[in-house]
Every structure is written in structure tokens, then in C-alpha cells.
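Asker: Have a look at this one before I ask anything.
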Amino acid sequence: MSWARHGHPTETGSAWSDAHDAYEALRLTQDRQAARVVAGQATDLKDCSELLDMLGLDATAIRPA
């Protein structure tokens, strides 16, 4: 017995791609906010870098795109 593969809409403007784009925008905003909080609470550059690494955040996330 074989399983049929269900296609996913890939055209621009589909509900899935709109939801994915909205999720990515929200995730980037939250990453920037988290990185700013960490940078504001860190004692020095080394501390900030270590904390950002622990959280899986990139220092460039602090700057808006």
C-alpha cells in the first residue's frame, strides 16, 4: 500500500505562507527584545556574549533589520 503525498500551497499569499511570515516576524521581534534585555543586564561584553550564546541568540539580533 502506498501513501499519497498531499501537496501544500506554495503560491505567495497562501494562508500557510502568511502565517509562517507572521510567525517569523514575531520570532525576530522577540529575539531582538530578549537580546536587548540581556545586553542591558550584562556586566560586560564577555558576560553579554556568554548569555546570548546560552540563550541561542545572536548579538546582531539587537540591531533591527
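Residue numbers start at 1 in each chain; chains themselves are named A, B, ... in the order of the C-alpha cells; ligands are numbered from 1 in the order shown.
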Compile the contact shell of Leu51 of chain A as a compact mmCIF listing (two decimals) with C-alpha atoms, in the first residue's frame: residues with an atom at most 12 Å away, counting only C-alpha atoms, same-chain residues fewer than 6 positions apart removed.
Answerer:
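The result, written out as result_21.txt:
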# COMPACT_ATOMS: atom_id res chain seq x y z
CA ALA A 34 15.44 39.32 24.58
CA ALA A 35 18.88 40.31 23.29
CA ARG A 36 18.32 43.90 24.42
CA VAL A 37 17.32 42.79 27.92
CA VAL A 38 20.39 40.56 28.16
CA ALA A 39 22.65 43.37 26.91
CA GLY A 40 21.13 45.76 29.45
CA GLN A 41 21.70 43.39 32.36
CA ALA A 42 25.14 42.06 31.41
CA THR A 43 28.12 43.26 33.41
CA ASP A 44 30.47 43.47 30.42
CA LEU A 45 30.89 42.41 26.80
CA LEU A 57 20.63 34.45 20.42
CA ASP A 58 22.91 36.31 18.07
CA ALA A 59 24.41 39.65 19.06
